[in-house]
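upload06.pdb (PDB, C-alpha atoms and all ligand atoms) appears below.
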ATOM      1  CA  MET F 189       3.245   9.159  -8.357
ATOM      2  CA  SER F 190       3.668   5.519  -7.337
ATOM      3  CA  ASN F 191       6.882   3.604  -7.692
ATOM      4  CA  ALA F 192       7.261   0.496  -9.825
ATOM      5  CA  THR F 193       8.524  -1.407  -6.785
ATOM      6  CA  PRO F 194       5.930  -1.425  -4.003
ATOM      7  CA  ILE F 195       6.883   0.613  -0.990
ATOM      8  CA  THR F 196       5.775   0.170   2.609
ATOM      9  CA  ILE F 197       5.435   3.131   4.947
ATOM     10  CA  ALA F 198       4.858   2.408   8.645
ATOM     11  CA  ILE F 199       3.391   5.052  10.942
ATOM     12  CA  ASP F 200       3.204   4.267  14.643
ATOM     13  CA  GLY F 201       2.565   6.368  17.696
ATOM     14  CA  TYR F 202       0.379   7.150  20.668
ATOM     15  CA  SER F 203      -3.402   7.551  20.535
ATOM     16  CA  SER F 204      -4.745  10.733  18.956
ATOM     17  CA  THR F 205      -1.450  11.976  17.569
ATOM     18  CA  GLY F 206      -3.177  12.404  14.209
ATOM     19  CA  LYS F 207      -1.584   9.306  12.654
ATOM     20  CA  SER F 208      -4.551   8.272  10.570
ATOM     21  CA  THR F 209      -5.224  11.749   9.146
ATOM     22  CA  ILE F 210      -1.596  12.064   8.103
ATOM     23  CA  ALA F 211      -1.376   8.487   6.806
ATOM     24  CA  ARG F 212      -4.498   9.019   4.705
ATOM     25  CA  SER F 213      -3.152  12.282   3.217
ATOM     26  CA  LEU F 214       0.181  10.686   2.425
ATOM     27  CA  ALA F 215      -1.446   7.672   0.758
ATOM     28  CA  GLN F 216      -3.740   9.929  -1.246
ATOM     29  CA  HIS F 217      -0.849  12.111  -2.407
ATOM     30  CA  PHE F 218       1.188   9.186  -3.736
ATOM     31  CA  GLY F 219      -1.701   6.943  -4.810
ATOM     32  CA  TYR F 220      -0.787   4.295  -2.244
ATOM     33  CA  VAL F 221      -3.233   2.107  -0.322
ATOM     34  CA  TYR F 222      -4.013   3.307   3.197
ATOM     35  CA  ILE F 223      -4.601   0.705   5.901
ATOM     36  CA  ASP F 224      -5.952   1.849   9.264
ATOM     37  CA  THR F 225      -5.021  -1.051  11.524
ATOM     38  CA  GLY F 226      -6.665   0.588  14.550
ATOM     39  CA  ALA F 227      -9.997   0.244  12.732
ATOM     40  CA  MET F 228      -9.391  -3.517  12.557
ATOM     41  CA  TYR F 229      -8.869  -3.831  16.336
ATOM     42  CA  ARG F 230     -11.903  -1.585  16.832
ATOM     43  CA  ALA F 231     -14.098  -3.774  14.584
ATOM     44  CA  VAL F 232     -13.004  -6.902  16.481
ATOM     45  CA  SER F 233     -13.875  -5.073  19.733
ATOM     46  CA  LEU F 234     -17.311  -4.262  18.359
ATOM     47  CA  TYR F 235     -17.910  -7.915  17.531
ATOM     48  CA  PHE F 236     -16.767  -8.989  21.025
ATOM     49  CA  LEU F 237     -19.033  -6.375  22.662
ATOM     50  CA  ARG F 238     -22.052  -7.274  20.575
ATOM     51  CA  ASN F 239     -21.600 -10.964  21.331
ATOM     52  CA  ASN F 240     -20.653 -10.572  24.997
ATOM     53  CA  ILE F 241     -17.346 -12.342  24.538
ATOM     54  CA  ASP F 242     -15.437 -12.741  27.789
ATOM     55  CA  LEU F 243     -11.923 -11.473  27.014
ATOM     56  CA  HIS F 244     -10.428 -13.856  29.562
ATOM     57  CA  ASP F 245     -12.052 -16.911  27.995
ATOM     58  CA  GLU F 246      -9.446 -18.087  25.465
ATOM     59  CA  LYS F 247     -11.785 -20.626  23.873
ATOM     60  CA  ALA F 248     -14.591 -18.097  23.399
ATOM     61  CA  VAL F 249     -12.129 -15.568  21.960
ATOM     62  CA  GLY F 250     -10.700 -18.160  19.555
ATOM     63  CA  GLU F 251     -14.163 -19.228  18.394
ATOM     64  CA  ALA F 252     -15.260 -15.614  17.963
ATOM     65  CA  LEU F 253     -12.180 -14.862  15.857
ATOM     66  CA  GLU F 254     -13.156 -17.665  13.493
ATOM     67  CA  GLU F 255     -16.497 -15.940  12.931
ATOM     68  CA  ILE F 256     -14.929 -12.596  12.030
ATOM     69  CA  THR F 257     -14.128 -11.469   8.512
ATOM     70  CA  LEU F 258     -12.647  -8.012   8.099
ATOM     71  CA  GLU F 259     -12.334  -6.199   4.833
ATOM     72  CA  PHE F 260     -11.647  -2.652   3.680
ATOM     73  CA  LYS F 261     -13.945  -1.650   0.826
ATOM     74  CA  ILE F 262     -13.457   1.529  -1.119
ATOM     75  CA  ILE F 263     -16.555   3.713  -0.857
ATOM     76  CA  ASP F 264     -16.451   7.232  -2.317
ATOM     77  CA  GLY F 265     -12.673   6.948  -2.496
ATOM     78  CA  GLN F 266     -12.334   6.066   1.212
ATOM     79  CA  GLN F 267     -11.263   2.722   2.706
ATOM     80  CA  ILE F 268     -14.219   1.678   4.868
ATOM     81  CA  ILE F 269     -13.864  -1.177   7.339
ATOM     82  CA  HIS F 270     -16.423  -3.974   6.997
ATOM     83  CA  LEU F 271     -17.096  -6.526   9.705
ATOM     84  CA  ASN F 272     -18.726  -9.604   8.199
ATOM     85  CA  GLU F 273     -19.877  -7.530   5.208
ATOM     86  CA  GLU F 274     -21.348  -4.745   7.397
ATOM     87  CA  ALA F 275     -19.886  -1.217   7.166
ATOM     88  CA  VAL F 276     -19.141  -0.513  10.831
ATOM     89  CA  GLU F 277     -17.168   2.737  10.715
ATOM     90  CA  LYS F 278     -19.994   4.627  12.441
ATOM     91  CA  TYR F 279     -19.949   2.286  15.449
ATOM     92  CA  ILE F 280     -16.241   1.899  16.141
ATOM     93  CA  ARG F 281     -15.166   5.364  17.329
ATOM     94  CA  ASP F 282     -17.343   5.816  20.399
ATOM     95  CA  GLN F 283     -16.308   5.779  24.039
ATOM     96  CA  LYS F 284     -17.544   2.223  24.625
ATOM     97  CA  ILE F 285     -15.155   0.910  21.985
ATOM     98  CA  ASN F 286     -12.413   3.289  23.196
ATOM     99  CA  SER F 287     -12.523   1.727  26.625
ATOM    100  CA  VAL F 288     -12.465  -1.895  25.441
ATOM    101  CA  VAL F 289     -10.145  -1.766  22.420
ATOM    102  CA  SER F 290      -6.808  -1.757  24.278
ATOM    103  CA  PRO F 291      -7.730  -4.796  26.411
ATOM    104  CA  VAL F 292      -8.850  -6.565  23.200
ATOM    105  CA  ALA F 293      -5.615  -5.596  21.407
ATOM    106  CA  LYS F 294      -3.597  -7.138  24.255
ATOM    107  CA  ILE F 295      -4.812 -10.636  23.352
ATOM    108  CA  SER F 296      -2.154 -12.549  21.389
ATOM    109  CA  ALA F 297      -4.681 -14.589  19.382
ATOM    110  CA  VAL F 298      -6.285 -11.332  18.201
ATOM    111  CA  ARG F 299      -2.922  -9.811  17.292
ATOM    112  CA  ARG F 300      -1.794 -12.899  15.369
ATOM    113  CA  GLN F 301      -4.910 -12.770  13.221
ATOM    114  CA  MET F 302      -4.701  -9.013  12.621
ATOM    115  CA  VAL F 303      -0.999  -9.079  11.718
ATOM    116  CA  ALA F 304      -1.511 -11.948   9.238
ATOM    117  CA  GLN F 305      -4.381 -10.050   7.586
ATOM    118  CA  GLN F 306      -2.413  -6.797   7.475
ATOM    119  CA  ARG F 307       0.460  -8.517   5.692
ATOM    120  CA  ALA F 308      -1.915 -10.235   3.259
ATOM    121  CA  MET F 309      -3.738  -6.961   2.489
ATOM    122  CA  SER F 310      -0.434  -5.290   1.641
ATOM    123  CA  LYS F 311       1.006  -7.965  -0.596
ATOM    124  CA  GLY F 312       2.378  -6.508  -3.805
ATOM    125  CA  LYS F 313       1.003  -3.027  -3.076
ATOM    126  CA  SER F 314       2.458   0.274  -2.007
ATOM    127  CA  VAL F 315       0.895   0.972   1.364
ATOM    128  CA  VAL F 316       0.816   3.454   4.185
ATOM    129  CA  MET F 317      -0.165   1.600   7.330
ATOM    130  CA  ASP F 318      -0.725   3.184  10.710
ATOM    131  CA  GLY F 319      -0.959   1.569  14.128
ATOM    132  CA  ARG F 320       1.173   0.685  17.129
ATOM    133  CA  ASP F 321       3.343  -2.236  15.969
ATOM    134  CA  ILE F 322       3.730  -1.641  12.247
ATOM    135  CA  GLY F 323       7.420  -0.709  12.193
ATOM    136  CA  THR F 324       8.330  -3.193  14.929
ATOM    137  CA  VAL F 325       6.260  -6.309  14.170
ATOM    138  CA  VAL F 326       4.062  -6.150  11.065
ATOM    139  CA  PHE F 327       6.732  -4.701   8.761
ATOM    140  CA  PRO F 328      10.087  -4.615  10.543
ATOM    141  CA  ASP F 329      11.651  -4.117   7.081
ATOM    142  CA  ALA F 330       9.341  -1.253   6.049
ATOM    143  CA  ASP F 331      10.954   1.185   3.632
ATOM    144  CA  LEU F 332      10.093   4.196   5.773
ATOM    145  CA  LYS F 333       9.087   4.310   9.417
ATOM    146  CA  PHE F 334       7.640   7.224  11.321
ATOM    147  CA  PHE F 335       6.847   7.452  15.011
ATOM    148  CA  MET F 336       4.426  10.215  15.866
ATOM    149  CA  THR F 337       4.055  11.964  19.144
ATOM    150  CA  SER F 338       2.609  15.177  20.564
ATOM    151  CA  ASP F 339       1.979  16.721  23.980
ATOM    152  CA  ILE F 340      -0.886  15.174  25.908
ATOM    153  CA  ASP F 341      -2.818  18.484  26.064
ATOM    154  CA  VAL F 342      -2.792  18.743  22.278
ATOM    155  CA  ARG F 343      -3.919  15.134  21.914
ATOM    156  CA  VAL F 344      -6.726  15.543  24.436
ATOM    157  CA  LYS F 345      -7.991  18.685  22.713
ATOM    158  CA  ARG F 346      -7.826  16.989  19.295
ATOM    159  CA  ARG F 347      -9.791  13.955  20.504
ATOM    160  CA  PHE F 348     -12.276  16.084  22.439
ATOM    161  CA  ASP F 349     -12.999  18.245  19.359
ATOM    162  CA  GLU F 350     -13.430  15.122  17.241
ATOM    163  CA  LEU F 351     -15.931  13.616  19.688
ATOM    164  CA  GLU F 352     -17.759  16.928  20.107
ATOM    165  CA  SER F 353     -18.127  17.281  16.347
ATOM    166  CA  LYS F 354     -19.825  13.877  16.364
ATOM    167  CA  GLY F 355     -22.205  15.015  19.091
ATOM    168  CA  VAL F 356     -20.617  12.787  21.752
ATOM    169  CA  GLU F 357     -20.973  14.297  25.226
ATOM    170  CA  THR F 358     -17.759  14.080  27.208
ATOM    171  CA  THR F 359     -15.291  16.178  29.185
ATOM    172  CA  LEU F 360     -11.605  16.982  28.678
ATOM    173  CA  ARG F 361     -10.869  15.062  31.888
ATOM    174  CA  GLU F 362     -12.656  11.957  30.679
ATOM    175  CA  VAL F 363     -10.897  12.073  27.304
ATOM    176  CA  GLU F 364      -7.508  12.536  28.980
ATOM    177  CA  LYS F 365      -8.144   9.615  31.315
ATOM    178  CA  ASN F 366      -9.066   7.321  28.421
ATOM    179  CA  LEU F 367      -6.073   8.386  26.287
ATOM    180  CA  LEU F 368      -3.587   7.883  29.109
ATOM    181  CA  GLU F 369      -5.086   4.534  30.006
ATOM    182  CA  ARG F 370      -4.955   3.333  26.385
ATOM    183  CA  ASP F 371      -1.337   4.528  26.064
ATOM    184  CA  ARG F 372      -0.483   2.707  29.272
ATOM    185  CA  ILE F 373      -2.038  -0.588  28.172
ATOM    186  CA  ASP F 374      -0.710  -0.301  24.602
ATOM    187  CA  SER F 375       2.872   0.383  25.715
ATOM    188  CA  THR F 376       3.094  -2.103  28.561
ATOM    189  CA  ARG F 377       1.387  -5.179  27.054
ATOM    190  CA  ALA F 378       3.547  -8.292  26.707
ATOM    191  CA  ASP F 379       2.762  -8.921  23.028
ATOM    192  CA  SER F 380       4.074  -6.280  20.593
ATOM    193  CA  PRO F 381       3.927  -3.219  22.859
ATOM    194  CA  LEU F 382       3.852   0.235  21.335
ATOM    195  CA  LYS F 383       7.420   1.446  21.007
ATOM    196  CA  GLN F 384       9.492   3.396  18.560
ATOM    197  CA  ALA F 385      11.384   1.156  16.130
ATOM    198  CA  GLU F 386      15.103   1.896  16.239
ATOM    199  CA  ASP F 387      15.099   3.016  12.626
ATOM    200  CA  ALA F 388      11.881   5.094  12.848
ATOM    201  CA  MET F 389      11.925   8.855  12.454
ATOM    202  CA  MET F 390      10.304  10.590  15.391
ATOM    203  CA  ILE F 391       7.877  13.356  14.453
ATOM    204  CA  ASP F 392       6.660  15.561  17.287
ATOM    205  CA  ASN F 393       3.707  17.439  15.845
ATOM    206  CA  THR F 394       2.806  19.458  18.963
ATOM    207  CA  LYS F 395       3.633  22.691  17.184
ATOM    208  CA  LEU F 396       2.984  21.639  13.593
ATOM    209  CA  THR F 397      -0.174  22.145  11.577
ATOM    210  CA  ARG F 398      -1.496  19.139   9.715
ATOM    211  CA  GLU F 399      -0.370  20.740   6.421
ATOM    212  CA  GLU F 400       3.167  21.354   7.713
ATOM    213  CA  GLN F 401       3.437  17.798   8.885
ATOM    214  CA  VAL F 402       2.127  16.309   5.644
ATOM    215  CA  GLU F 403       4.613  18.475   3.731
ATOM    216  CA  ILE F 404       7.551  17.221   5.812
ATOM    217  CA  MET F 405       6.521  13.612   5.348
ATOM    218  CA  ILE F 406       5.846  13.968   1.617
ATOM    219  CA  SER F 407       9.325  15.344   1.113
ATOM    220  CA  MET F 408      10.800  12.403   3.029
ATOM    221  CA  VAL F 409       8.939   9.919   0.834
ATOM    222  CA  GLU F 410      10.009  11.797  -2.298
ATOM    223  CA  LYS F 411      13.615  11.696  -1.126
ATOM    224  CA  TYR F 412      13.319   7.971  -0.558
ATOM    225  CA  ASN F 413      11.750   7.399  -3.988
ATOM    226  CA  LYS F 414      14.513   9.258  -5.844
TER     227      LYS F 414
HETATM  228  O1  LIG K 501      -5.274   3.921  16.272
HETATM  229  P1  LIG K 501      -6.538   3.670  17.090
HETATM  230  O2  LIG K 501      -6.715   4.613  18.240
HETATM  231  O3  LIG K 501      -7.747   3.573  16.245
HETATM  232  O4  LIG K 501      -6.298   2.212  17.731
HETATM  233  C1  LIG K 501      -7.217   1.644  18.616
HETATM  234  C2  LIG K 501      -6.520   0.675  19.550
HETATM  235  O5  LIG K 501      -6.110  -0.491  18.825
HETATM  236  C3  LIG K 501      -5.303   1.189  20.264
HETATM  237  O6  LIG K 501      -5.607   1.654  21.558
HETATM  238  C4  LIG K 501      -4.384   0.016  20.330
HETATM  239  C5  LIG K 501      -4.859  -0.933  19.283
HETATM  240  N1  LIG K 501      -3.952  -1.078  18.155
HETATM  241  C6  LIG K 501      -2.908  -1.972  18.275
HETATM  242  O7  LIG K 501      -2.722  -2.559  19.339
HETATM  243  N2  LIG K 501      -2.108  -2.218  17.222
HETATM  244  C7  LIG K 501      -2.283  -1.584  16.056
HETATM  245  N3  LIG K 501      -1.471  -1.852  15.023
HETATM  246  C8  LIG K 501      -3.330  -0.635  15.921
HETATM  247  C9  LIG K 501      -4.142  -0.389  16.996
END
Please express the file's structure as structure tokens.
Ligand code: DC
Amino acid sequence: MSNATPITIAIDGYSSTGKSTIARSLAQHFGYVYIDTGAMYRAVSLYFLRNNIDLHDEKAVGEALEEITLEFKIIDGQQIIHLNEEAVEKYIRDQKINSVVSPVAKISAVRRQMVAQQRAMSKGKSVVMDGRDIGTVVFPDADLKFFMTSDIDVRVKRRFDELESKGVETTLREVEKNLLERDRIDSTRADSPLKQAEDAMMIDNTKLTREEQVEIMISMVEKYNK
């Protein structure tokens, strides 16, 4: 049941901690809008890759950003990211994007544009938003903040299974290397690094099933809404 006053729920955490699955379930349960901010950085990365944009060329990056329109459209009840009107979900989860997205997300001009769009998309709505800087930068005054973590082995296995189910050939070692490298870049960048907001609740889901975790978070939202 949604509240009369819009509520903002921020979910941050490391790569492959299951943030988006949980955020989606939570949004669905309460009828809130789900915004996958990682998909936005991934779509920008896809545009940069397709157009051979040099990430160190500020002018080229700025001009490319002006050419990019991102939008979530609801298709079969799911929020699907569109890059300049094209549904790009099927292109943004592969290893090529995985290896370029953190360097792209380091660029301040990219972050400024994404943060402005994320705030605009949420205006007047109850939202669950997941990412790396939601509770710290995008919505420092979010009603509820969660910071998700889990052991690296669990995250690697989760990501590996996901890629395998999509027919992507990889190894556990390769997946681990990419996850650790993304975590390193995401948490050490100068502009809005990944970190737990002081008022965020830490959820370590290493030993929790998805259902157990969703249950815990639903009860926290219900408590807040009372
Ligand atoms: O959540 P994800 O794995 O789809 O995110 C992809 C990358 O985008 C991640 O490595 C860091 C970046 N990102 C970010 O910097 N800020 C966000 N709010 C969301 C994602």
Within 7 Å of ligand LIG 501 (chain K) (counting only C-alpha atoms and all ligand atoms), which residues show up? I'd like them as a PyMOL selection string. chain F and resi 203-204+225-227+229-230+289-290+293-294+318-322+370-371+374
Between F:Ile340, F:Val326, F:Ser296, F:Lys395, which is the closest to Ala378 (chain F) once you count all atoms listed in the file? F:Ser296
Counting all atoms listed in the file, the residue of F:Asn239, F:Leu214, F:Gln266, F:Arg377 that sits nearest Glu410 (chain F):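 Of F:Asn239, F:Leu214, F:Gln266, F:Arg377, the one nearest Glu410 (chain F), counting all atoms listed in the file, is F:Leu214.
Each of F:Leu360, F:Leu258, F:Leu368, F:Val402 was checked against Met309 (chain F) using all atoms listed in the file; the smallest atom-to-atom distance is that of F:Leu258.
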Would you kindly identify which residues have an atom no farther than 9 Å from (11.3, 9.3, 13.3), using all atoms listed in the file and the file's own coordinates, and write them out as a compact mmCIF listing (two decimals) with C-alpha atoms, keeping the file's coordinate frame?
# COMPACT_ATOMS: atom_id res chain seq x y z
CA LYS F 333 9.09 4.31 9.42
CA PHE F 334 7.64 7.22 11.32
CA PHE F 335 6.85 7.45 15.01
CA MET F 336 4.43 10.22 15.87
CA GLN F 384 9.49 3.40 18.56
CA ALA F 385 11.38 1.16 16.13
CA GLU F 386 15.10 1.90 16.24
CA ASP F 387 15.10 3.02 12.63
CA ALA F 388 11.88 5.09 12.85
CA MET F 389 11.92 8.86 12.45
CA MET F 390 10.30 10.59 15.39
CA ILE F 391 7.88 13.36 14.45
CA ASP F 392 6.66 15.56 17.29
Dig up all the protein and nucleic acid residues within 12 Å of (-7.1, 17.1, 25.1) in the file frame, using all atoms listed in the file, and format them as a ChimeraX atom specification. /F:203-205,338-352,358-368,394
Considering only C-alpha atoms, return as a PyMOL selection string whatever protein or nucleic-acid residues lie within 12 Å of Ile406 (chain F), sequence-local ones (same chain, fewer than 5 positions apart) excluded. chain F and resi 189+197+210-218+316+332+334+399-401+411-413
What is the CA of Met302 (chain F) to CA of Arg281 (chain F) distance in Å?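 Value for the CA of Met302 (chain F)-CA of Arg281 (chain F) distance: 18.4 Å.
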Atom-to-atom span, CA of Asp282 (chain F) and CA of Arg299 (chain F), Å: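 CA of Asp282 (chain F) sits 21.5 Å away from CA of Arg299 (chain F).
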Give as a PyMOL selection string the residues that the PyMOL selection byres (((chain F and resi 249) around 12) and not hetatm) matches when applied to the coordinates above. chain F and resi 232-233+235-237+239-248+250-256+292-293+295-299+301
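For the pair CA of Ile223 (chain F) and CA of Ser407 (chain F), the interatomic distance is 20.8 Å.
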Of the listed residues F:Lys414, F:Tyr222, F:Lys354, F:Tyr202, that which approaches Ile268 (chain F) most closely, counting all atoms listed in the file: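 Checking each of F:Lys414, F:Tyr222, F:Lys354, F:Tyr202 against Ile268 (chain F), counting all atoms listed in the file, the winner is F:Tyr222.
Among F:Thr397, F:Thr196, F:Gln306, F:Ser375, the residue with the shortest atom-to-atom distance to Tyr220 (chain F), counting only C-alpha atoms, is F:Thr196.
Each of F:Val288, F:Lys311, F:Leu234, F:Thr209 was checked against Leu271 (chain F) using all atoms listed in the file; the smallest atom-to-atom distance is that of F:Leu234.
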